[in-house]
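Source file: protein.csv (CSV, C-alpha atoms)
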```csv
chain,number,residue,atom,x,y,z
G,1,MET,CA,-0.2,-4.9,21.0
G,2,GLU,CA,2.4,-6.5,18.7
G,3,VAL,CA,2.8,-9.4,21.2
G,4,MET,CA,-0.9,-9.9,21.1
G,5,THR,CA,-1.0,-10.1,17.3
G,6,LYS,CA,2.0,-12.4,17.3
G,7,LYS,CA,0.3,-14.8,19.8
G,8,CYS,CA,-2.9,-14.7,17.9
G,9,ARG,CA,-1.1,-15.5,14.7
G,10,ALA,CA,0.8,-18.3,16.4
G,11,ALA,CA,-2.5,-19.8,17.6
G,12,ILE,CA,-3.9,-20.0,14.1
G,13,ASN,CA,-0.5,-21.0,12.6
G,14,SER,CA,0.0,-23.9,15.0
G,15,GLU,CA,-3.5,-25.3,14.3
G,16,ALA,CA,-3.8,-24.4,10.6
G,17,GLY,CA,-2.7,-27.9,9.4
G,18,ALA,CA,-5.2,-29.7,11.6
G,19,LEU,CA,-7.9,-27.2,10.7
G,20,MET,CA,-7.3,-27.7,7.0
G,21,LYS,CA,-7.5,-31.5,7.4
G,22,ARG,CA,-10.7,-31.3,9.3
G,23,LEU,CA,-12.3,-28.9,6.8
G,24,ALA,CA,-11.3,-31.1,3.9
G,25,ARG,CA,-12.9,-34.1,5.7
G,26,GLY,CA,-16.0,-32.0,6.5
G,27,LEU,CA,-16.4,-31.0,2.8
G,28,LYS,CA,-16.3,-34.7,1.8
G,29,VAL,CA,-18.5,-36.1,4.6
G,30,TYR,CA,-21.2,-33.3,4.5
G,31,GLU,CA,-21.2,-32.8,0.7
G,32,GLN,CA,-24.9,-33.3,0.6
G,33,ILE,CA,-25.7,-30.7,3.3
G,34,PRO,CA,-25.4,-27.3,1.6
G,35,LYS,CA,-25.6,-25.3,4.9
G,36,THR,CA,-22.6,-27.2,6.3
G,37,VAL,CA,-20.7,-26.9,3.0
G,38,THR,CA,-21.3,-23.1,3.0
G,39,ALA,CA,-20.0,-22.8,6.6
G,40,THR,CA,-17.0,-24.9,5.8
G,41,LEU,CA,-16.2,-23.0,2.7
G,42,THR,CA,-16.6,-19.7,4.5
G,43,THR,CA,-14.1,-20.8,7.2
G,44,LEU,CA,-11.8,-22.2,4.6
G,45,PHE,CA,-11.9,-18.9,2.6
G,46,GLY,CA,-11.0,-16.9,5.7
G,47,LEU,CA,-8.2,-19.3,6.4
G,48,VAL,CA,-6.6,-19.3,3.0
G,49,SER,CA,-6.9,-15.6,2.7
G,50,LEU,CA,-4.4,-15.3,5.6
G,51,HIS,CA,-1.7,-16.7,3.2
G,52,GLN,CA,0.3,-18.3,6.1
G,53,GLU,CA,3.0,-20.8,5.5
G,54,ALA,CA,1.3,-23.5,7.5
G,55,ILE,CA,-1.8,-23.0,5.3
G,56,SER,CA,0.2,-23.1,2.1
G,57,ASN,CA,1.9,-26.3,3.1
G,58,ASN,CA,-1.5,-28.0,3.6
G,59,ILE,CA,-3.3,-26.9,0.5
G,60,SER,CA,-3.1,-30.4,-0.9
G,61,ASP,CA,-5.5,-31.6,1.8
G,62,VAL,CA,-8.4,-29.5,0.6
G,63,GLN,CA,-7.6,-29.5,-3.2
G,64,PRO,CA,-9.4,-32.8,-3.9
G,65,ALA,CA,-12.6,-31.7,-2.1
G,66,LEU,CA,-12.6,-28.4,-3.9
G,67,ARG,CA,-12.0,-30.0,-7.3
G,68,SER,CA,-14.9,-32.3,-6.7
G,69,LEU,CA,-17.1,-29.3,-5.9
G,70,SER,CA,-15.9,-27.4,-8.9
G,71,ALA,CA,-16.5,-30.3,-11.2
G,72,LYS,CA,-20.1,-30.7,-10.0
G,73,ALA,CA,-20.9,-26.9,-9.8
G,74,GLU,CA,-23.0,-25.2,-12.3
G,75,SER,CA,-24.5,-28.3,-14.0
G,76,SER,CA,-28.2,-28.0,-14.1
G,77,SER,CA,-28.7,-31.1,-11.9
G,78,SER,CA,-26.0,-30.1,-9.4
G,79,GLU,CA,-26.7,-30.0,-5.7
G,80,VAL,CA,-23.9,-27.4,-5.3
G,81,THR,CA,-25.6,-24.1,-4.7
G,82,ILE,CA,-24.7,-20.8,-6.4
G,83,GLY,CA,-23.4,-19.4,-3.1
G,84,ASN,CA,-21.2,-22.4,-2.6
G,85,THR,CA,-19.9,-22.2,-6.2
G,86,ILE,CA,-19.0,-18.6,-5.7
G,87,LEU,CA,-17.1,-19.4,-2.5
G,88,VAL,CA,-15.2,-22.2,-4.3
G,89,TYR,CA,-14.2,-19.7,-7.0
G,90,ARG,CA,-13.1,-17.2,-4.4
G,91,ILE,CA,-11.0,-19.9,-2.6
G,92,TRP,CA,-9.4,-20.9,-5.8
G,93,ALA,CA,-8.4,-17.3,-6.5
G,94,GLU,CA,-6.8,-17.0,-3.1
G,95,LEU,CA,-5.0,-20.4,-3.4
G,96,SER,CA,-3.7,-19.7,-6.9
G,97,ALA,CA,-1.0,-17.4,-5.5
G,98,ASP,CA,0.5,-20.4,-3.6
G,99,LEU,CA,0.1,-23.0,-6.3
G,100,PRO,CA,2.3,-24.1,-9.1
G,101,PHE,CA,1.3,-23.0,-12.6
G,102,SER,CA,0.3,-26.5,-13.7
G,103,ASP,CA,-2.2,-26.7,-10.8
G,104,VAL,CA,-3.6,-23.2,-11.7
G,105,CYS,CA,-4.0,-24.3,-15.3
G,106,GLU,CA,-5.9,-27.4,-14.1
G,107,ILE,CA,-8.2,-25.2,-11.9
G,108,ILE,CA,-8.9,-22.8,-14.8
G,109,SER,CA,-9.8,-25.7,-17.0
G,110,LEU,CA,-12.2,-26.9,-14.3
G,111,MET,CA,-13.7,-23.5,-14.0
G,112,LEU,CA,-14.2,-23.1,-17.8
G,113,LYS,CA,-15.5,-26.7,-18.3
G,114,PRO,CA,-18.9,-26.5,-20.0
G,115,PRO,CA,-21.8,-26.8,-19.6
G,116,PHE,CA,-22.2,-24.0,-17.2
G,117,GLU,CA,-25.2,-21.8,-16.5
G,118,ARG,CA,-25.0,-18.4,-17.9
G,119,LYS,CA,-26.0,-16.7,-14.7
G,120,ALA,CA,-24.5,-13.2,-14.5
G,121,ILE,CA,-23.5,-13.5,-10.9
G,122,LEU,CA,-21.5,-16.7,-11.6
G,123,MET,CA,-19.9,-15.3,-14.7
G,124,ILE,CA,-18.8,-12.2,-12.7
G,125,GLN,CA,-17.3,-14.3,-9.9
G,126,ARG,CA,-15.6,-16.6,-12.3
G,127,LEU,CA,-14.0,-13.7,-14.1
G,128,SER,CA,-13.1,-12.0,-10.9
G,129,SER,CA,-11.3,-15.2,-9.8
G,130,LEU,CA,-9.7,-15.7,-13.2
G,131,LEU,CA,-8.1,-12.2,-13.1
G,132,PRO,CA,-5.6,-12.7,-10.2
G,133,MET,CA,-4.8,-16.2,-11.6
G,134,ILE,CA,-3.9,-14.8,-15.0
G,135,SER,CA,-2.2,-11.7,-13.5
G,136,ASN,CA,0.0,-14.0,-11.4
G,137,MET,CA,1.0,-15.8,-14.6
G,138,GLY,CA,1.9,-12.5,-16.1
G,139,ARG,CA,3.9,-11.4,-13.2
G,140,LYS,CA,6.0,-14.5,-12.7
G,141,GLU,CA,7.4,-14.7,-16.2
G,142,LEU,CA,7.0,-18.2,-17.7
G,143,ASP,CA,10.4,-19.4,-18.7
G,144,VAL,CA,8.9,-22.0,-21.0
G,145,ALA,CA,5.3,-21.7,-22.2
G,146,THR,CA,4.2,-25.3,-22.0
G,147,PRO,CA,1.3,-26.6,-24.2
G,148,GLN,CA,-0.8,-26.8,-21.0
G,149,HIS,CA,-0.2,-23.1,-20.2
G,150,VAL,CA,-0.8,-22.1,-23.8
G,151,ASN,CA,-4.0,-24.2,-24.0
G,152,THR,CA,-5.3,-22.8,-20.8
G,153,LEU,CA,-4.6,-19.2,-21.8
G,154,HIS,CA,-6.1,-19.9,-25.2
G,155,SER,CA,-9.4,-21.1,-23.6
G,156,VAL,CA,-9.6,-18.0,-21.4
G,157,HIS,CA,-8.9,-15.9,-24.4
G,158,SER,CA,-11.7,-17.4,-26.4
G,159,TYR,CA,-14.1,-17.4,-23.4
G,160,CYS,CA,-13.5,-13.7,-22.6
G,161,LEU,CA,-13.6,-12.6,-26.3
G,162,ASP,CA,-17.1,-14.2,-26.6
G,163,LEU,CA,-18.3,-12.6,-23.4
G,164,PHE,CA,-17.2,-9.0,-24.0
G,165,GLN,CA,-18.3,-9.0,-27.6
G,166,ASP,CA,-21.8,-10.3,-26.8
G,167,SER,CA,-24.0,-7.2,-26.2
G,168,ASN,CA,-26.6,-9.4,-24.5
G,169,ASN,CA,-24.3,-9.8,-21.5
G,170,GLU,CA,-24.5,-7.5,-18.5
G,171,LEU,CA,-22.2,-4.6,-18.5
G,172,GLU,CA,-20.3,-5.8,-15.5
G,173,VAL,CA,-19.7,-9.2,-17.2
G,174,ARG,CA,-18.4,-7.5,-20.3
G,175,SER,CA,-16.1,-5.1,-18.5
G,176,ARG,CA,-14.6,-7.9,-16.3
G,177,ALA,CA,-14.2,-10.1,-19.4
G,178,LEU,CA,-12.3,-7.2,-21.0
G,179,SER,CA,-10.0,-6.9,-18.0
G,180,VAL,CA,-9.2,-10.6,-18.0
G,181,PHE,CA,-8.7,-10.6,-21.7
G,182,GLY,CA,-6.1,-7.8,-21.3
G,183,ALA,CA,-4.4,-9.8,-18.6
G,184,VAL,CA,-4.2,-12.8,-21.0
G,185,LEU,CA,-2.6,-10.7,-23.7
G,186,SER,CA,-0.1,-9.4,-21.1
G,187,VAL,CA,1.3,-12.9,-20.2
G,188,PRO,CA,4.8,-13.0,-21.6
G,189,ASN,CA,5.4,-15.7,-24.2
G,190,PHE,CA,1.7,-16.3,-24.8
G,191,VAL,CA,1.3,-13.9,-27.8
G,192,GLN,CA,4.8,-14.9,-29.1
G,193,SER,CA,3.9,-18.6,-28.9
G,194,GLN,CA,0.6,-18.1,-30.6
G,195,GLY,CA,1.7,-15.8,-33.3
G,196,VAL,CA,0.5,-12.3,-34.1
G,197,SER,CA,-2.9,-13.5,-35.4
G,198,ILE,CA,-4.1,-13.9,-31.8
G,199,LEU,CA,-3.1,-10.3,-31.0
G,200,GLU,CA,-4.8,-9.1,-34.1
G,201,LYS,CA,-8.0,-11.0,-33.2
G,202,GLY,CA,-7.8,-9.6,-29.7
G,203,VAL,CA,-7.2,-6.0,-30.8
G,204,ARG,CA,-10.0,-6.1,-33.3
G,205,GLY,CA,-12.3,-7.6,-30.7
G,206,MET,CA,-11.5,-4.8,-28.2
G,207,MET,CA,-12.0,-2.2,-30.9
G,208,THR,CA,-15.7,-3.2,-30.9
G,209,CYS,CA,-16.0,-1.8,-27.4
G,210,LEU,CA,-14.5,1.5,-28.2
G,211,SER,CA,-17.8,3.1,-29.1
G,212,HIS,CA,-19.5,1.8,-25.9
G,213,PRO,CA,-19.9,4.7,-23.4
G,214,SER,CA,-19.2,2.4,-20.4
G,215,LEU,CA,-16.7,0.0,-21.8
G,216,ASN,CA,-14.5,2.4,-23.8
G,217,GLU,CA,-12.3,3.3,-20.8
G,218,ILE,CA,-11.3,-0.3,-20.1
G,219,ALA,CA,-11.1,-1.0,-23.9
G,220,ILE,CA,-8.7,1.9,-24.3
G,221,ASN,CA,-6.6,0.8,-21.4
G,222,GLU,CA,-6.4,-2.8,-22.5
G,223,LEU,CA,-5.7,-1.8,-26.1
G,224,GLY,CA,-2.8,0.3,-24.8
G,225,LEU,CA,-1.6,-2.7,-22.9
G,226,ALA,CA,-1.8,-4.9,-26.0
G,227,PHE,CA,0.2,-2.3,-28.0
G,228,ARG,CA,2.7,-1.9,-25.2
G,229,GLN,CA,3.6,-5.6,-25.7
G,230,GLY,CA,6.7,-4.3,-27.4
G,231,ALA,CA,7.9,-6.5,-30.2
G,232,SER,CA,4.5,-8.2,-30.6
G,233,GLY,CA,2.8,-4.9,-30.9
G,234,SER,CA,5.0,-3.8,-33.8
G,235,ASP,CA,4.1,-7.1,-35.6
G,236,LEU,CA,0.5,-5.9,-35.9
G,237,SER,CA,-0.6,-5.3,-39.5
G,238,LYS,CA,-0.7,-1.7,-40.8
G,239,GLY,CA,-4.4,-2.2,-41.4
G,240,THR,CA,-5.2,-3.0,-37.8
G,241,ILE,CA,-3.1,-0.1,-36.5
G,242,ASN,CA,-4.8,2.3,-38.9
G,243,ASP,CA,-8.3,1.0,-38.0
G,244,CYS,CA,-7.4,1.4,-34.3
G,245,ALA,CA,-6.2,4.9,-34.7
G,246,THR,CA,-9.3,5.9,-36.7
G,247,GLN,CA,-11.7,4.4,-34.1
G,248,ILE,CA,-9.9,5.8,-31.0
G,249,ILE,CA,-10.4,9.4,-32.0
G,250,PRO,CA,-14.2,9.5,-31.8
G,251,ALA,CA,-13.9,7.4,-28.6
G,252,ILE,CA,-11.9,10.2,-26.9
G,253,PHE,CA,-14.9,12.5,-27.1
G,254,LYS,CA,-17.1,9.9,-25.4
G,255,ALA,CA,-14.6,9.0,-22.8
G,256,ASN,CA,-14.2,10.4,-19.3
G,257,LYS,CA,-11.1,12.2,-18.1
G,258,ASN,CA,-9.1,9.1,-17.1
G,259,ALA,CA,-9.9,7.4,-20.4
G,260,LYS,CA,-9.0,10.6,-22.3
G,261,LEU,CA,-5.6,10.5,-20.8
G,262,SER,CA,-5.2,6.8,-21.6
G,263,ALA,CA,-6.4,7.5,-25.1
G,264,LEU,CA,-3.9,10.2,-25.7
G,265,GLU,CA,-1.2,7.9,-24.4
G,266,PHE,CA,-2.5,5.2,-26.7
G,267,ILE,CA,-2.4,7.6,-29.7
G,268,CYS,CA,1.3,8.3,-28.9
G,269,ILE,CA,2.0,4.6,-28.9
G,270,VAL,CA,0.1,4.2,-32.2
G,271,ALA,CA,2.0,7.1,-33.7
G,272,GLU,CA,5.3,5.5,-32.9
G,273,LYS,CA,4.4,2.4,-34.8
M,274,MET,CA,-9.8,8.9,44.8
M,275,GLN,CA,-8.5,8.2,41.3
M,276,LYS,CA,-5.9,5.8,42.7
M,277,MET,CA,-8.6,4.0,44.6
M,278,THR,CA,-10.8,3.6,41.5
M,279,ARG,CA,-7.8,2.3,39.6
M,280,VAL,CA,-7.1,-0.3,42.3
M,281,MET,CA,-10.7,-1.4,42.4
M,282,MET,CA,-10.9,-1.7,38.6
M,283,LYS,CA,-7.8,-3.9,38.7
M,284,LYS,CA,-9.4,-6.1,41.3
M,285,VAL,CA,-12.6,-6.4,39.3
M,286,LYS,CA,-10.6,-7.3,36.2
M,287,THR,CA,-8.7,-10.0,38.1
M,288,MET,CA,-11.9,-11.4,39.4
M,289,ILE,CA,-13.5,-11.6,36.0
M,290,TRP,CA,-10.3,-13.1,34.5
M,291,ARG,CA,-10.3,-15.8,37.2
M,292,ARG,CA,-14.0,-16.6,36.7
M,293,SER,CA,-13.6,-16.6,32.9
M,294,LYS,CA,-10.8,-19.2,33.4
M,295,GLN,CA,-13.2,-21.4,35.4
M,296,ILE,CA,-16.1,-21.0,32.9
M,297,CYS,CA,-13.8,-21.9,30.0
M,298,THR,CA,-12.5,-25.0,31.9
M,299,VAL,CA,-16.1,-26.1,32.4
M,300,SER,CA,-17.0,-25.5,28.8
M,301,LEU,CA,-14.0,-27.4,27.6
M,302,GLU,CA,-14.9,-30.3,29.9
M,303,ILE,CA,-18.5,-30.3,28.6
M,304,LEU,CA,-17.2,-30.6,25.1
M,305,THR,CA,-14.8,-33.4,26.1
M,306,LEU,CA,-17.4,-35.3,28.1
M,307,SER,CA,-20.2,-35.1,25.5
M,308,SER,CA,-18.1,-36.7,22.9
M,309,GLU,CA,-17.7,-39.8,25.1
M,310,PHE,CA,-21.5,-40.5,25.4
M,311,GLU,CA,-23.7,-41.9,22.7
M,312,TYR,CA,-27.3,-41.0,22.6
M,313,SER,CA,-30.0,-41.9,20.2
M,314,ASP,CA,-31.4,-39.0,18.2
M,315,ASP,CA,-34.7,-38.8,20.1
M,316,GLU,CA,-33.3,-38.3,23.6
M,317,ASP,CA,-30.2,-36.3,22.7
M,318,MET,CA,-30.6,-32.7,23.9
M,319,THR,CA,-27.0,-32.4,24.9
M,320,TRP,CA,-26.3,-30.4,21.7
M,321,LYS,CA,-27.8,-27.4,23.3
M,322,VAL,CA,-25.2,-27.5,26.1
M,323,ARG,CA,-22.4,-28.1,23.5
M,324,LYS,CA,-23.7,-25.1,21.5
M,325,ALA,CA,-23.7,-22.9,24.6
M,326,SER,CA,-20.2,-24.1,25.5
M,327,ILE,CA,-18.9,-23.2,22.1
M,328,ALA,CA,-20.4,-19.7,22.4
M,329,VAL,CA,-18.6,-19.3,25.7
M,330,LEU,CA,-15.3,-20.4,24.2
M,331,LYS,CA,-15.8,-18.1,21.2
M,332,ALA,CA,-16.4,-15.2,23.6
M,333,GLU,CA,-13.2,-16.1,25.5
M,334,VAL,CA,-11.1,-16.2,22.3
M,335,LEU,CA,-12.4,-12.9,21.1
M,336,ALA,CA,-11.9,-11.2,24.5
M,337,HIS,CA,-8.4,-12.7,25.1
M,338,PRO,CA,-6.9,-13.7,21.8
M,339,GLU,CA,-3.4,-13.3,23.3
M,340,SER,CA,-4.1,-15.9,26.0
M,341,ASP,CA,-2.0,-19.1,25.9
M,342,ARG,CA,-5.2,-21.0,26.7
M,343,VAL,CA,-6.5,-20.2,23.3
M,344,ARG,CA,-3.6,-21.8,21.6
M,345,SER,CA,-3.2,-24.8,23.9
M,346,SER,CA,-6.8,-25.8,24.6
M,347,ILE,CA,-9.6,-23.8,22.9
M,348,MET,CA,-8.5,-23.8,19.3
M,349,PRO,CA,-7.7,-27.6,19.3
M,350,LYS,CA,-11.0,-28.3,21.0
M,351,LEU,CA,-13.0,-26.2,18.5
M,352,ILE,CA,-11.2,-27.9,15.6
M,353,SER,CA,-11.9,-31.3,17.0
M,354,ARG,CA,-15.7,-30.5,17.0
M,355,ILE,CA,-15.8,-29.5,13.3
M,356,ASN,CA,-17.2,-32.9,12.4
M,357,GLU,CA,-19.8,-32.8,15.2
M,358,ARG,CA,-22.9,-34.9,14.5
M,359,GLU,CA,-25.5,-32.2,15.3
M,360,GLU,CA,-25.7,-29.6,12.5
M,361,ASN,CA,-26.6,-26.7,14.8
M,362,VAL,CA,-23.4,-27.3,16.8
M,363,ARG,CA,-21.4,-27.8,13.7
M,364,LEU,CA,-22.5,-24.4,12.3
M,365,SER,CA,-21.7,-22.8,15.7
M,366,VAL,CA,-18.2,-24.2,15.6
M,367,MET,CA,-17.6,-22.9,12.1
M,368,SER,CA,-19.0,-19.5,13.0
M,369,ALA,CA,-16.6,-19.4,16.0
M,370,LEU,CA,-13.6,-20.4,13.9
M,371,ASP,CA,-14.7,-17.8,11.3
M,372,GLN,CA,-14.7,-15.0,13.9
M,373,ILE,CA,-11.4,-16.1,15.3
M,374,ILE,CA,-9.9,-15.9,11.8
M,375,ALA,CA,-11.5,-12.6,11.2
M,376,CYS,CA,-10.2,-11.3,14.5
M,377,HIS,CA,-6.8,-12.5,13.5
M,378,LYS,CA,-7.1,-10.7,10.2
M,379,GLU,CA,-7.9,-7.5,12.0
M,380,GLY,CA,-4.8,-8.1,13.9
M,381,MET,CA,-5.7,-6.7,17.2
M,382,GLY,CA,-8.3,-9.1,18.5
M,383,GLU,CA,-11.2,-6.8,18.6
M,384,ILE,CA,-14.7,-8.3,18.5
M,385,PRO,CA,-15.9,-7.9,14.9
```
Can you turn what I pasted into structure tokens?
Amino acid sequence: MEVMTKKCRAAINSEAGALMKRLARGLKVYEQIPKTVTATLTTLFGLVSLHQEAISNNISDVQPALRSLSAKAESSSSEVTIGNTILVYRIWAELSADLPFSDVCEIISLMLKPPFERKAILMIQRLSSLLPMISNMGRKELDVATPQHVNTLHSVHSYCLDLFQDSNNELEVRSRALSVFGAVLSVPNFVQSQGVSILEKGVRGMMTCLSHPSLNEIAINELGLAFRQGASGSDLSKGTINDCATQIIPAIFKANKNAKLSALEFICIVAEK
Amino acid sequence: MQKMTRVMMKKVKTMIWRRSKQICTVSLEILTLSSEFEYSDDEDMTWKVRKASIAVLKAEVLAHPESDRVRSSIMPKLISRINEREENVRLSVMSALDQIIACHKEGMGEIP
């Protein structure tokens, strides 16, 4: 059985480079034929989600075609369909694990480049793809927060803050935006480089979701995360900490069991401050 | 009796294996040959044969992902047809590659 898997893996690994090149060419040549683009993107998504070395080494072949699709996607006159845009976002999310931060920042900028249609399905996919990208940044600690990193994180911060505070947005959009927002605040060096005002703004923003029956669990978790930022959390003003403590108590009664536990943990963090 | 059944099963499997080898060789040849001819759009019906050949090759890959033939001839041939002129065939190639990748993901080569 193991031999079978190894052979199958070897078959794809040995051809991955050629396949990536062909797919990239296909995306370019058949750009105007949505069905072919969908099929190509689906194959590409399957391939990149294998995360094999041969595939990682050939990412540069498909990047230009994907960038071109990303740039065109979501404009009202675009020929790129919603399904294809979603596939492009999913591919970016898979590729981001193997790309340098500068490239990831560029991709995020492309994804957040207005004007985009405010279709819930696209917003959800965009946020779902942003989450692993930002989480990766948080995991691999940035030694130096370059202006490019900070600008990118700043734009994600503003984008998510607008989304989860806007009660017109769908619940799924708001909850995903909250998760991405929490991930942005967790990126080391980001809050430090921006000053405590960005954290204050974020905490106050998240506090607005505490009273929401479906968002309070995520809000409590993300607030806890923001407070756990150690030194940066202790820099929060007394007023913000007090407001947070006041608002979290009624939220506990509305929250479910998991959120109640997070809320109690959160109160302990606040009490320590 | 059981021993006899086992021997018979083995013989049948060997027979199928040999035949599948022949069918694959023919399918690969069809794909190679068809790329050498140029037809005008009106008279070109060869895409149907190419599509069927691709279906055969896909079945072979899914049935015997461990076979060396997959690595040495089928995968390169399928990849070379990605930019095929007929959309129907192109989509079949993509679908075959998709399933091969999915089968690889599952790890054991079962038909998804």
From the list G:Gln194, G:Leu122, G:His149, G:Gly138, which residue is nearest Glu172 of chain G when using only C-alpha atoms?
G:Leu122
Could you list the residues in chain M lying within 10 Å of chain G, using only C-alpha atoms, and format the result as a PDB file with C-alpha atoms, in the coordinates of the input?
```
ATOM      1  CA  VAL M 334     -11.100 -16.200  22.300  1.00  0.00           C
ATOM      2  CA  HIS M 337      -8.400 -12.700  25.100  1.00  0.00           C
ATOM      3  CA  PRO M 338      -6.900 -13.700  21.800  1.00  0.00           C
ATOM      4  CA  GLU M 339      -3.400 -13.300  23.300  1.00  0.00           C
ATOM      5  CA  SER M 340      -4.100 -15.900  26.000  1.00  0.00           C
ATOM      6  CA  ASP M 341      -2.000 -19.100  25.900  1.00  0.00           C
ATOM      7  CA  ARG M 342      -5.200 -21.000  26.700  1.00  0.00           C
ATOM      8  CA  VAL M 343      -6.500 -20.200  23.300  1.00  0.00           C
ATOM      9  CA  ARG M 344      -3.600 -21.800  21.600  1.00  0.00           C
ATOM     10  CA  SER M 345      -3.200 -24.800  23.900  1.00  0.00           C
ATOM     11  CA  ILE M 347      -9.600 -23.800  22.900  1.00  0.00           C
ATOM     12  CA  MET M 348      -8.500 -23.800  19.300  1.00  0.00           C
ATOM     13  CA  PRO M 349      -7.700 -27.600  19.300  1.00  0.00           C
ATOM     14  CA  LEU M 351     -13.000 -26.200  18.500  1.00  0.00           C
ATOM     15  CA  ILE M 352     -11.200 -27.900  15.600  1.00  0.00           C
ATOM     16  CA  SER M 353     -11.900 -31.300  17.000  1.00  0.00           C
ATOM     17  CA  ARG M 354     -15.700 -30.500  17.000  1.00  0.00           C
ATOM     18  CA  ILE M 355     -15.800 -29.500  13.300  1.00  0.00           C
ATOM     19  CA  ASN M 356     -17.200 -32.900  12.400  1.00  0.00           C
ATOM     20  CA  GLU M 357     -19.800 -32.800  15.200  1.00  0.00           C
ATOM     21  CA  GLU M 360     -25.700 -29.600  12.500  1.00  0.00           C
ATOM     22  CA  ASN M 361     -26.600 -26.700  14.800  1.00  0.00           C
ATOM     23  CA  ARG M 363     -21.400 -27.800  13.700  1.00  0.00           C
ATOM     24  CA  LEU M 364     -22.500 -24.400  12.300  1.00  0.00           C
ATOM     25  CA  SER M 365     -21.700 -22.800  15.700  1.00  0.00           C
ATOM     26  CA  VAL M 366     -18.200 -24.200  15.600  1.00  0.00           C
ATOM     27  CA  MET M 367     -17.600 -22.900  12.100  1.00  0.00           C
ATOM     28  CA  SER M 368     -19.000 -19.500  13.000  1.00  0.00           C
ATOM     29  CA  ALA M 369     -16.600 -19.400  16.000  1.00  0.00           C
ATOM     30  CA  LEU M 370     -13.600 -20.400  13.900  1.00  0.00           C
ATOM     31  CA  ASP M 371     -14.700 -17.800  11.300  1.00  0.00           C
ATOM     32  CA  GLN M 372     -14.700 -15.000  13.900  1.00  0.00           C
ATOM     33  CA  ILE M 373     -11.400 -16.100  15.300  1.00  0.00           C
ATOM     34  CA  ILE M 374      -9.900 -15.900  11.800  1.00  0.00           C
ATOM     35  CA  ALA M 375     -11.500 -12.600  11.200  1.00  0.00           C
ATOM     36  CA  CYS M 376     -10.200 -11.300  14.500  1.00  0.00           C
ATOM     37  CA  HIS M 377      -6.800 -12.500  13.500  1.00  0.00           C
ATOM     38  CA  LYS M 378      -7.100 -10.700  10.200  1.00  0.00           C
ATOM     39  CA  GLU M 379      -7.900  -7.500  12.000  1.00  0.00           C
ATOM     40  CA  GLY M 380      -4.800  -8.100  13.900  1.00  0.00           C
ATOM     41  CA  MET M 381      -5.700  -6.700  17.200  1.00  0.00           C
ATOM     42  CA  GLY M 382      -8.300  -9.100  18.500  1.00  0.00           C
TER      43      GLY M 382
END
```
For Met133 of chain G, which of G:Arg90, G:Lys201, G:Lys119, G:Lys238 is the closest residue, counting all atoms listed in the file?
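So, comparing all the options, the nearest one is G:Arg90.
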Could you tell me how far atom CA of Phe181 of chain G lies from atom CA of Leu236 of chain G, in Å and to one decimal?
17.6 Å
All residues 12 Å or closer to Thr298 of chain M, only C-alpha atoms, same chain fewer than 3 positions away omitted, as an mmCIF file with C-alpha atoms, keeping the file's coordinate frame:
```
data_model
loop_
_atom_site.group_PDB
_atom_site.id
_atom_site.type_symbol
_atom_site.label_atom_id
_atom_site.label_comp_id
_atom_site.auth_asym_id
_atom_site.auth_seq_id
_atom_site.Cartn_x
_atom_site.Cartn_y
_atom_site.Cartn_z
ATOM 1 C CA ARG M 291 -10.300 -15.800 37.200
ATOM 2 C CA ARG M 292 -14.000 -16.600 36.700
ATOM 3 C CA SER M 293 -13.600 -16.600 32.900
ATOM 4 C CA LYS M 294 -10.800 -19.200 33.400
ATOM 5 C CA GLN M 295 -13.200 -21.400 35.400
ATOM 6 C CA LEU M 301 -14.000 -27.400 27.600
ATOM 7 C CA GLU M 302 -14.900 -30.300 29.900
ATOM 8 C CA ILE M 303 -18.500 -30.300 28.600
ATOM 9 C CA LEU M 304 -17.200 -30.600 25.100
ATOM 10 C CA THR M 305 -14.800 -33.400 26.100
ATOM 11 C CA SER M 326 -20.200 -24.100 25.500
ATOM 12 C CA ILE M 327 -18.900 -23.200 22.100
ATOM 13 C CA VAL M 329 -18.600 -19.300 25.700
ATOM 14 C CA LEU M 330 -15.300 -20.400 24.200
ATOM 15 C CA GLU M 333 -13.200 -16.100 25.500
ATOM 16 C CA ARG M 342 -5.200 -21.000 26.700
ATOM 17 C CA VAL M 343 -6.500 -20.200 23.300
ATOM 18 C CA SER M 346 -6.800 -25.800 24.600
ATOM 19 C CA ILE M 347 -9.600 -23.800 22.900
ATOM 20 C CA LYS M 350 -11.000 -28.300 21.000
#
```
Would you mind listing what lies within 8 Å of Pro213 of chain G as a short mmCIF file (atom, residue, chain, number, x, y, z; two decimals) with C-alpha atoms, in the frame of the given file, with all atoms listed in the file counted and same-chain residues fewer than 3 positions away left out?
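Written file, selection-v3.cif:
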```cif
data_model
loop_
_atom_site.label_atom_id
_atom_site.label_comp_id
_atom_site.auth_asym_id
_atom_site.auth_seq_id
_atom_site.Cartn_x
_atom_site.Cartn_y
_atom_site.Cartn_z
CA LEU G 210 -14.50 1.50 -28.20
CA ASN G 216 -14.50 2.40 -23.80
CA LYS G 254 -17.10 9.90 -25.40
CA ALA G 255 -14.60 9.00 -22.80
#
```
Rounded to one decimal in Å, what is the spacing between atom CA of Pro100 of chain G and atom CA of Leu223 of chain G?
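That distance, rounded to one decimal, is 29.2 Å.
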